[in-house]
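Visitor: Contents of run22.txt (compact mmCIF, C-alpha atoms and all ligand atoms) are below:
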# COMPACT_ATOMS: atom_id res chain seq x y z
CA MET J 28 33.87 18.96 -13.80
CA ASN J 29 32.34 17.77 -10.55
CA GLN J 30 34.87 16.43 -8.11
CA GLN J 31 34.03 13.40 -6.00
CA VAL J 32 34.76 14.09 -2.31
CA ASP J 33 34.87 11.29 0.24
CA VAL J 34 32.29 11.90 2.96
CA LYS J 35 33.74 11.11 6.37
CA LYS J 36 31.86 8.39 8.26
CA MET J 37 30.69 9.93 11.52
CA SER J 38 31.10 8.27 14.91
CA PRO J 39 29.11 9.11 18.09
CA LYS J 40 32.19 11.07 19.29
CA ASP J 41 31.93 13.38 16.28
CA PHE J 42 28.61 14.62 17.70
CA GLU J 43 30.16 15.64 21.05
CA THR J 44 30.88 19.31 21.83
CA ASP J 45 33.42 21.05 24.06
CA GLN J 46 30.70 22.64 26.19
CA GLU J 47 30.70 22.21 29.97
CA VAL J 48 27.78 19.86 30.72
CA ARG J 49 25.56 21.40 33.40
CA TRP J 50 23.49 18.39 34.42
CA CYS J 51 23.76 16.89 37.92
CA PRO J 52 26.12 13.89 38.07
CA GLY J 53 23.99 10.78 37.55
CA CYS J 54 21.16 12.58 35.69
CA GLY J 55 19.43 10.40 33.08
CA ASP J 56 20.01 13.11 30.47
CA TYR J 57 23.64 11.93 30.04
CA ALA J 58 22.56 8.47 28.86
CA ILE J 59 19.98 9.94 26.48
CA LEU J 60 22.66 12.24 25.01
CA LYS J 61 24.82 9.19 24.40
CA GLY J 62 21.90 7.33 22.81
CA VAL J 63 21.17 10.26 20.50
CA GLN J 64 24.83 10.57 19.46
CA MET J 65 24.84 6.83 18.71
CA ALA J 66 21.64 7.14 16.66
CA LEU J 67 23.02 10.12 14.70
CA ALA J 68 26.15 8.16 13.79
CA GLN J 69 24.19 5.00 12.94
CA THR J 70 21.81 6.84 10.65
CA GLY J 71 24.59 8.64 8.76
CA SER J 72 23.42 12.07 9.95
CA ARG J 73 25.50 15.06 8.89
CA PRO J 74 26.14 17.85 11.46
CA GLU J 75 25.71 20.52 8.78
CA ASN J 76 22.28 19.13 7.93
CA THR J 77 20.98 18.61 11.46
CA VAL J 78 19.33 21.01 13.90
CA PHE J 79 18.37 20.47 17.55
CA VAL J 80 15.68 22.77 18.91
CA SER J 81 14.66 22.97 22.56
CA GLY J 82 12.52 24.97 24.96
CA ILE J 83 13.45 25.57 28.60
CA GLY J 84 14.40 23.06 31.30
CA CYS J 85 17.34 20.82 32.19
CA SER J 86 16.54 18.61 29.19
CA SER J 87 16.36 21.68 26.98
CA ARG J 88 20.10 22.33 27.49
CA PHE J 89 20.56 19.46 25.04
CA PRO J 90 21.46 21.49 21.89
CA TYR J 91 24.67 22.77 23.59
CA TYR J 92 25.93 19.21 23.85
CA VAL J 93 25.40 17.92 20.30
CA SER J 94 27.76 19.09 17.60
CA THR J 95 25.13 20.16 15.08
CA TYR J 96 23.19 23.39 14.60
CA GLY J 97 21.00 24.20 17.59
CA PHE J 98 18.46 26.61 19.04
CA HIS J 99 17.75 26.90 22.78
CA THR J 100 14.48 28.79 22.44
CA ILE J 101 11.71 29.87 24.82
CA HIS J 102 9.60 27.95 27.30
CA GLY J 103 7.22 25.54 25.54
CA ARG J 104 7.66 27.17 22.13
CA ALA J 105 10.19 24.83 20.51
CA PRO J 106 7.47 23.33 18.23
CA GLY J 107 6.89 26.73 16.57
CA PHE J 108 10.61 27.26 15.96
CA ALA J 109 11.02 23.70 14.66
CA THR J 110 8.05 24.12 12.30
CA GLY J 111 9.55 27.32 10.88
CA ILE J 112 12.96 25.72 10.37
CA LYS J 113 11.50 22.68 8.62
CA LEU J 114 9.17 24.74 6.43
CA THR J 115 11.91 27.06 5.20
CA ASN J 116 14.45 24.29 4.65
CA PRO J 117 12.77 20.86 4.35
CA ASP J 118 16.16 19.25 3.67
CA LEU J 119 17.25 19.81 7.27
CA ASP J 120 16.84 17.07 9.80
CA VAL J 121 15.08 18.69 12.76
CA TRP J 122 15.04 17.25 16.29
CA LEU J 123 12.98 18.77 19.08
CA VAL J 124 13.98 18.23 22.72
CA THR J 125 11.54 18.99 25.50
CA GLY J 126 10.59 17.98 29.05
CA ASP J 127 7.25 16.97 30.57
CA GLY J 128 6.86 20.49 32.01
CA ASP J 129 8.07 22.35 28.95
CA GLY J 130 6.27 20.20 26.38
CA LEU J 131 3.04 19.32 28.15
CA SER J 132 2.37 22.24 30.50
CA ILE J 133 3.37 25.64 29.15
CA GLY J 134 3.93 24.19 25.68
CA GLY J 135 1.02 21.72 25.64
CA ASN J 136 -0.89 23.72 23.07
CA HIS J 137 2.14 23.97 20.79
CA MET J 138 2.87 20.27 21.12
CA LEU J 139 -0.72 19.46 20.16
CA HIS J 140 -0.49 21.42 16.92
CA VAL J 141 2.92 20.25 15.77
CA LEU J 142 1.63 16.67 16.10
CA ARG J 143 -1.73 17.38 14.47
CA ARG J 144 -0.01 19.11 11.56
CA ASN J 145 2.42 16.25 11.15
CA VAL J 146 5.52 18.39 10.67
CA ASN J 147 8.39 16.10 9.66
CA ILE J 148 10.52 16.42 12.80
CA GLN J 149 11.66 14.10 15.60
CA ILE J 150 10.25 15.02 19.01
CA MET J 151 11.94 13.63 22.13
CA LEU J 152 10.01 14.27 25.32
CA PHE J 153 12.17 13.53 28.37
CA ASN J 154 9.69 12.48 31.03
CA ASN J 155 11.01 12.67 34.60
CA GLU J 156 7.55 13.48 36.04
CA ILE J 157 8.92 16.68 37.64
CA TYR J 158 10.24 20.15 36.81
CA GLY J 159 13.97 19.64 37.27
CA LEU J 160 15.38 23.07 36.41
CA THR J 161 13.00 24.96 38.69
CA LYS J 162 13.87 22.71 41.62
CA GLY J 163 11.17 20.12 41.76
CA GLN J 164 7.63 21.40 41.24
CA TYR J 165 5.09 18.75 40.17
CA SER J 166 4.41 18.47 36.43
CA PRO J 167 1.50 17.28 34.24
CA THR J 168 2.88 13.73 34.40
CA SER J 169 3.55 13.59 38.19
CA LYS J 170 1.90 10.75 40.06
CA PRO J 171 -1.01 11.58 42.40
CA GLY J 172 0.15 12.14 45.97
CA LEU J 173 3.61 13.45 44.95
CA LYS J 174 4.81 15.98 47.54
CA THR J 175 6.77 18.87 46.05
CA PRO J 176 7.32 22.57 46.88
CA SER J 177 4.21 23.35 44.80
CA THR J 178 2.15 20.42 46.14
CA PRO J 179 3.24 20.23 49.83
CA LEU J 180 0.22 18.08 50.76
CA GLY J 181 0.61 15.82 47.72
CA SER J 182 -0.63 16.29 44.17
CA VAL J 183 -4.34 15.69 43.60
CA ASP J 184 -4.08 16.05 39.80
CA SER J 185 -4.71 13.21 37.37
CA PRO J 186 -1.47 12.70 35.43
CA LEU J 187 -1.33 12.90 31.65
CA SER J 188 0.11 10.04 29.58
CA PRO J 189 2.42 11.65 26.98
CA CYS J 190 1.91 8.83 24.46
CA MET J 191 -1.88 8.94 24.83
CA PHE J 192 -1.71 12.71 24.36
CA ALA J 193 0.33 12.25 21.18
CA LEU J 194 -2.07 9.66 19.78
CA GLY J 195 -5.04 11.87 20.66
CA ALA J 196 -3.39 14.80 18.88
CA GLY J 197 -3.15 12.72 15.70
CA ALA J 198 0.51 11.69 15.83
CA ARG J 199 1.41 9.08 13.21
CA PHE J 200 4.52 7.83 15.03
CA VAL J 201 4.53 7.15 18.77
CA ALA J 202 7.36 5.37 20.58
CA ARG J 203 8.90 4.96 24.03
CA GLY J 204 12.35 4.44 25.45
CA ILE J 205 14.26 4.55 28.74
CA ASP J 206 17.36 6.65 29.42
CA THR J 207 19.40 3.60 30.44
CA GLY J 208 18.14 1.39 27.57
CA LEU J 209 21.12 2.15 25.36
CA LYS J 210 20.66 -1.00 23.31
CA GLU J 211 17.14 -0.13 22.23
CA LEU J 212 17.01 3.68 22.38
CA PRO J 213 19.23 4.37 19.31
CA VAL J 214 17.18 1.83 17.31
CA THR J 215 13.94 3.58 18.27
CA LEU J 216 15.43 7.00 17.48
CA ALA J 217 16.68 5.77 14.10
CA ARG J 218 13.12 4.63 13.30
CA ALA J 219 11.86 8.07 14.39
CA LYS J 220 14.34 9.75 12.05
CA ASP J 221 13.31 7.55 9.11
CA HIS J 222 9.63 8.30 9.62
CA VAL J 223 8.22 11.03 7.37
CA GLY J 224 6.02 13.21 9.58
CA ALA J 225 6.11 14.10 13.28
CA SER J 226 7.68 11.29 15.30
CA PHE J 227 6.97 11.42 19.02
CA VAL J 228 9.30 9.56 21.38
CA GLU J 229 8.66 9.60 25.13
CA ILE J 230 11.87 8.82 27.03
CA TYR J 231 11.64 7.92 30.73
CA GLN J 232 14.42 9.95 32.35
CA ASN J 233 15.52 9.69 35.94
CA CYS J 234 15.96 12.98 37.82
CA ILE J 235 18.16 11.80 40.67
CA VAL J 236 17.73 15.04 42.62
CA TYR J 237 14.00 15.78 42.67
CA ASN J 238 12.23 12.53 41.70
CA ASP J 239 14.78 9.75 42.05
CA ASN J 240 13.77 6.21 41.09
CA VAL J 241 10.22 7.21 40.12
CA PHE J 242 10.33 4.54 37.39
CA GLY J 243 11.96 1.92 39.64
CA ALA J 244 8.93 -0.41 39.30
CA PHE J 245 10.02 -1.21 35.74
CA THR J 246 13.61 0.01 35.36
CA GLU J 247 15.35 -2.20 37.96
CA LYS J 248 17.81 -4.34 35.99
CA LYS J 249 17.01 -7.50 37.97
CA THR J 250 13.30 -7.41 37.18
CA ALA J 251 13.32 -5.57 33.83
CA LYS J 252 12.54 -8.66 31.75
CA ASP J 253 9.32 -9.16 33.73
CA THR J 254 8.30 -5.51 33.75
CA GLN J 255 9.21 -4.29 30.26
CA LEU J 256 7.96 -5.36 26.85
CA TYR J 257 9.89 -4.08 23.84
CA VAL J 258 7.44 -4.42 20.96
CA LYS J 259 8.42 -5.15 17.36
CA HIS J 260 6.10 -5.02 14.34
CA GLY J 261 4.96 -8.50 13.31
CA GLU J 262 6.26 -10.22 16.46
CA LYS J 263 4.31 -11.85 19.29
CA MET J 264 4.07 -9.72 22.40
CA LEU J 265 5.89 -12.13 24.69
CA PHE J 266 8.01 -11.11 27.68
CA GLY J 267 9.36 -12.28 31.04
CA LYS J 268 12.57 -13.94 32.21
CA ASP J 269 11.62 -17.23 30.53
CA VAL J 270 9.64 -15.49 27.74
CA ALA J 271 6.63 -17.35 29.12
CA LYS J 272 4.31 -14.37 29.64
CA GLY J 273 2.40 -12.57 26.93
CA LEU J 274 -0.41 -10.16 26.11
CA ARG J 275 -3.79 -11.50 25.05
CA PHE J 276 -6.92 -9.62 23.97
CA ASN J 277 -9.83 -10.57 26.21
CA THR J 278 -12.97 -10.39 24.07
CA GLU J 279 -15.26 -10.18 27.14
CA THR J 280 -13.58 -7.25 28.87
CA PHE J 281 -12.43 -5.72 25.56
CA ALA J 282 -9.02 -5.17 27.12
CA LEU J 283 -5.51 -6.60 27.13
CA GLU J 284 -4.51 -9.09 29.80
CA VAL J 285 -1.30 -10.79 30.84
CA VAL J 286 -1.33 -14.57 30.39
CA THR J 287 1.26 -17.29 30.97
CA LEU J 288 2.09 -19.92 28.36
CA GLY J 289 1.12 -23.39 29.55
CA GLU J 290 -1.38 -22.14 32.14
CA ASN J 291 -5.14 -22.70 31.59
CA GLY J 292 -4.46 -24.05 28.11
CA ILE J 293 -2.71 -20.86 26.93
CA THR J 294 -0.48 -21.39 23.89
CA GLU J 295 1.51 -19.03 21.66
CA ASP J 296 -1.53 -18.87 19.37
CA ASP J 297 -3.34 -16.83 22.04
CA ILE J 298 -0.64 -14.16 22.16
CA LEU J 299 -1.20 -10.96 20.18
CA VAL J 300 1.12 -10.04 17.32
CA HIS J 301 2.22 -6.39 17.37
CA ASP J 302 0.81 -4.40 14.46
CA GLU J 303 2.32 -0.93 14.63
CA THR J 304 -0.17 0.40 12.06
CA ASN J 305 -3.16 -0.39 14.33
CA ARG J 306 -4.17 2.74 16.26
CA HIS J 307 -6.61 0.88 18.57
CA MET J 308 -3.89 -1.53 19.56
CA ALA J 309 -1.48 1.38 20.07
CA SER J 310 -3.82 3.16 22.48
CA MET J 311 -4.35 -0.03 24.49
CA LEU J 312 -0.59 -0.57 24.66
CA CYS J 313 0.14 3.02 25.70
CA GLU J 314 -2.25 2.73 28.64
CA LEU J 315 -0.63 -0.33 30.23
CA GLU J 316 1.02 0.48 33.56
CA ALA J 317 3.31 -1.27 36.00
CA PRO J 318 2.99 -3.27 38.22
CA ASN J 319 -0.01 -5.12 36.73
CA PHE J 320 1.29 -4.88 33.18
CA PRO J 321 4.67 -4.60 31.52
CA VAL J 322 5.57 -1.10 30.34
CA ILE J 323 5.53 -1.02 26.54
CA LEU J 324 8.70 0.22 24.84
CA GLY J 325 9.82 0.61 21.23
CA VAL J 326 7.73 1.73 18.27
CA ILE J 327 4.11 1.51 19.43
CA TYR J 328 2.47 3.20 16.46
CA CYS J 329 3.74 4.00 12.97
CA ASN J 330 1.35 4.82 10.16
CA PRO J 331 2.78 7.53 7.89
CA LYS J 332 0.88 10.08 5.84
CA GLU J 333 1.96 13.19 3.95
CA SER J 334 3.82 15.64 6.15
CA TYR J 335 2.90 19.28 6.72
CA GLU J 336 5.80 20.80 4.80
CA GLN J 337 5.20 18.40 1.89
CA SER J 338 1.58 19.62 1.67
CA VAL J 339 2.56 23.29 2.03
CA HIS J 340 5.26 23.14 -0.65
CA TYR J 341 3.00 21.17 -2.98
CA GLN J 342 0.30 23.82 -2.57
CA LEU J 343 2.79 26.62 -3.26
CA ASP J 344 4.12 24.87 -6.38
CA GLN J 345 0.58 24.41 -7.68
CA ALA J 346 -0.24 28.06 -7.07
CA ARG J 347 2.97 29.18 -8.82
CA GLN J 348 2.24 27.02 -11.85
CA ALA J 349 -1.39 28.08 -12.15
CA LYS J 350 -0.70 31.82 -12.31
CA LYS J 351 1.79 33.80 -14.29
CA ALA J 352 3.25 36.30 -11.92
CA ASP J 353 3.05 39.90 -13.17
CA PHE J 354 4.58 42.25 -10.65
CA ASN J 355 3.46 45.42 -12.47
CA ALA J 356 -0.14 44.21 -12.64
CA LEU J 357 0.01 43.38 -8.94
CA LEU J 358 1.29 46.89 -8.14
CA ARG J 359 -1.52 48.48 -10.11
CA ALA J 360 -4.21 46.20 -8.81
CA GLY J 361 -6.84 47.56 -6.40
CA ARG J 362 -7.30 51.17 -5.34
CA THR J 363 -4.57 53.73 -5.70
CA TRP J 364 -4.35 57.18 -4.19
CA VAL J 365 -2.50 60.21 -5.37
CA VAL J 366 -1.05 62.30 -2.53
CA GLU J 367 -1.01 65.98 -3.47
C1 LIG V 1 7.64 31.66 30.76
C2 LIG V 1 8.38 30.86 31.80
N1 LIG V 1 7.70 30.31 32.82
C3 LIG V 1 8.34 29.55 33.74
C4 LIG V 1 9.69 29.37 33.67
C5 LIG V 1 10.40 28.55 34.70
N2 LIG V 1 10.78 27.23 34.22
C6 LIG V 1 12.00 26.99 33.74
S1 LIG V 1 12.23 25.38 33.30
C7 LIG V 1 10.65 25.00 33.76
C8 LIG V 1 10.12 23.59 33.65
C9 LIG V 1 11.15 22.55 33.39
O1 LIG V 1 10.59 21.29 33.56
P1 LIG V 1 10.66 20.16 32.45
O2 LIG V 1 10.18 20.66 31.15
O3 LIG V 1 9.97 18.98 32.99
O4 LIG V 1 12.22 19.94 32.26
P2 LIG V 1 13.35 19.35 33.18
O5 LIG V 1 14.02 20.55 33.81
O6 LIG V 1 12.73 18.44 34.17
O7 LIG V 1 14.23 18.65 32.21
C10 LIG V 1 9.99 26.11 34.25
C11 LIG V 1 8.61 26.14 34.75
C12 LIG V 1 10.39 29.97 32.61
N3 LIG V 1 11.70 29.80 32.45
N4 LIG V 1 9.72 30.71 31.69
S1 LIG V 2 17.73 18.56 38.42
FE1 LIG V 2 17.21 16.49 37.75
S2 LIG V 2 16.76 16.66 35.55
FE2 LIG V 2 17.91 18.50 36.20
S3 LIG V 2 20.07 18.02 35.79
FE3 LIG V 2 19.66 17.52 37.93
S4 LIG V 2 19.11 15.34 37.87
FE4 LIG V 2 18.93 16.10 35.79
Go ahead and render the structure in this file as structure tokens.
Ligand SMILES: Cc1ncc(C[n+]2csc(CCOP(=O)(O)OP(=O)(O)O)c2C)c(N)n1
Ligand code: SF4
Guide:
Amino acid sequence: MNQQVDVKKMSPKDFETDQEVRWCPGCGDYAILKGVQMALAQTGSRPENTVFVSGIGCSSRFPYYVSTYGFHTIHGRAPGFATGIKLTNPDLDVWLVTGDGDGLSIGGNHMLHVLRRNVNIQIMLFNNEIYGLTKGQYSPTSKPGLKTPSTPLGSVDSPLSPCMFALGAGARFVARGIDTGLKELPVTLARAKDHVGASFVEIYQNCIVYNDNVFGAFTEKKTAKDTQLYVKHGEKMLFGKDVAKGLRFNTETFALEVVTLGENGITEDDILVHDETNRHMASMLCELEAPNFPVILGVIYCNPKESYEQSVHYQLDQARQAKKADFNALLRAGRTWVVE
């Protein structure tokens, strides 16, 4: 007879480990860790069913600090490991942790393919616009002009937008959060976990040592309401201290613009409603930058389709059903040689 066993309700503390945390005091990674532990508890995750996979970097030390299974793998290659884990055991909940250097420079190619294939995993890309672990070289997301040991005269590179990259690669779930946004981040991560297919979440993370306050233009608490817009499906894209500003689509410039309610005849009817299934809208939202626009946070795009491992296992099942396996026939098939 089957015995009913009570499953213990997990709290964020249950996902803590006894490992010595090796991040600098004040690093944004601490807050993200907390946000992830909150999300795991909220979504009823089970440690024995959850795996964290990372590459190399400060952010990639993450698996040591969550009490689940974990793999600290090789530079930029976490997507390959995560794909293998998910394919062999689709019941596991797989999270991938990477940095802007790990995931978009050395691992850019791997990131592209895990998104294009739509492997059902959660990808968190901690964007601090710098290589933290290797002591502050510029990264693919660094702002032009940034002076670092590898760009002593200032970077002349055009930076990459992680969310635009994800959309371009075919991602069906694209979201954004901030390390300190502990009210919203667990909600966004819970949505990522629910999504079937690759979910890409860019998290702005402050590296206090090598790129401190690089996101200050929109993370300052005092001005956050005027510089951040947390989008929700089906809701008007309004923001600002008095919720009097909003985003409107300008049909002449074919672009989004910030308007103020009550000015020049603007009413709530002019303000766009967020439709997370609209890819065109998502790409316009991802491109908005401070200080002229609010930075868009939350679930920007969500439009599920069959995941990679679902397609692979379906194909295998079909192949198994279509043919009767005959091991002896297989052994005798083709040419054989007799060694004398
Ligand atoms: C093959 C290889 N090349 C280079 C390095 C050196 N390296 C270690 S971490 C890292 C980048 C880390 O930057 P990022 O991914 O942005 O993570 P952060 O440390 O900022 O969290 C590099 C280049 C390495 N370990 N292995
Ligand atoms: S170097 Fe930067 S990213 Fe790395 S632990 Fe220190 S503050 Fe965090």
Visitor: Measuring between all atoms listed in the file, which one of J:Lys35, J:Lys259, J:Arg275, J:His99 shows the shortest distance to J:Ile298?
Guide: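 Of J:Lys35, J:Lys259, J:Arg275, J:His99, the one nearest J:Ile298 is J:Arg275, counting all atoms listed in the file.
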Visitor: When you draw a straight line from atom CA of J:Lys249 to atom CA of J:Gly267, how long is it in Å?
Guide: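 Between these atoms lies a distance of 11.4 Å.
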Visitor: Taking all atoms listed in the file into account, name the residue in J:Val80, J:Val236, J:Leu209, J:Leu114 that is nearest to ligand LIG 1 (chain V).
Guide: J:Val236
Visitor: Name the closest residue to ligand LIG 1 (chain V) among the candidates J:Thr175, J:Asn76, J:Gln46, J:Gln164; distances are taken between atoms, counting all atoms listed in the file.
Guide: J:Gln164
Visitor: Distance atom CA of J:Phe89-atom CA of J:Asp56, one decimal place?
Guide: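 Computed distance, atom CA of J:Phe89 to atom CA of J:Asp56, equals 8.4 Å.
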Visitor: Using only C-alpha atoms and all ligand atoms, which residue out of J:Cys85, J:Val48, J:Cys54, J:Leu358 lies closest to ligand LIG 1 (chain V)?
Guide: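 Residue with the minimum atom-to-atom distance to ligand LIG 1 (chain V): J:Cys85.
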Visitor: So how many Å separate atom CA of J:Lys252 and atom CA of J:Leu265, to one decimal?
Guide: 10.3 Å
Visitor: Just want the residues within 6 Å of ligand LIG 1 (chain V), written as a PyMOL selection string, counting all atoms listed in the file.
Guide: chain J and resi 83-86+102+126-129+157-161
Visitor: Of the residues J:Asp269, J:Asp120, J:Asp206, J:Glu316, which is the one nearest to ligand LIG 2 (chain V), using only C-alpha atoms and all ligand atoms?
Guide: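 Going through J:Asp269, J:Asp120, J:Asp206, J:Glu316 one by one, the smallest distance to ligand LIG 2 (chain V) is for J:Asp206.
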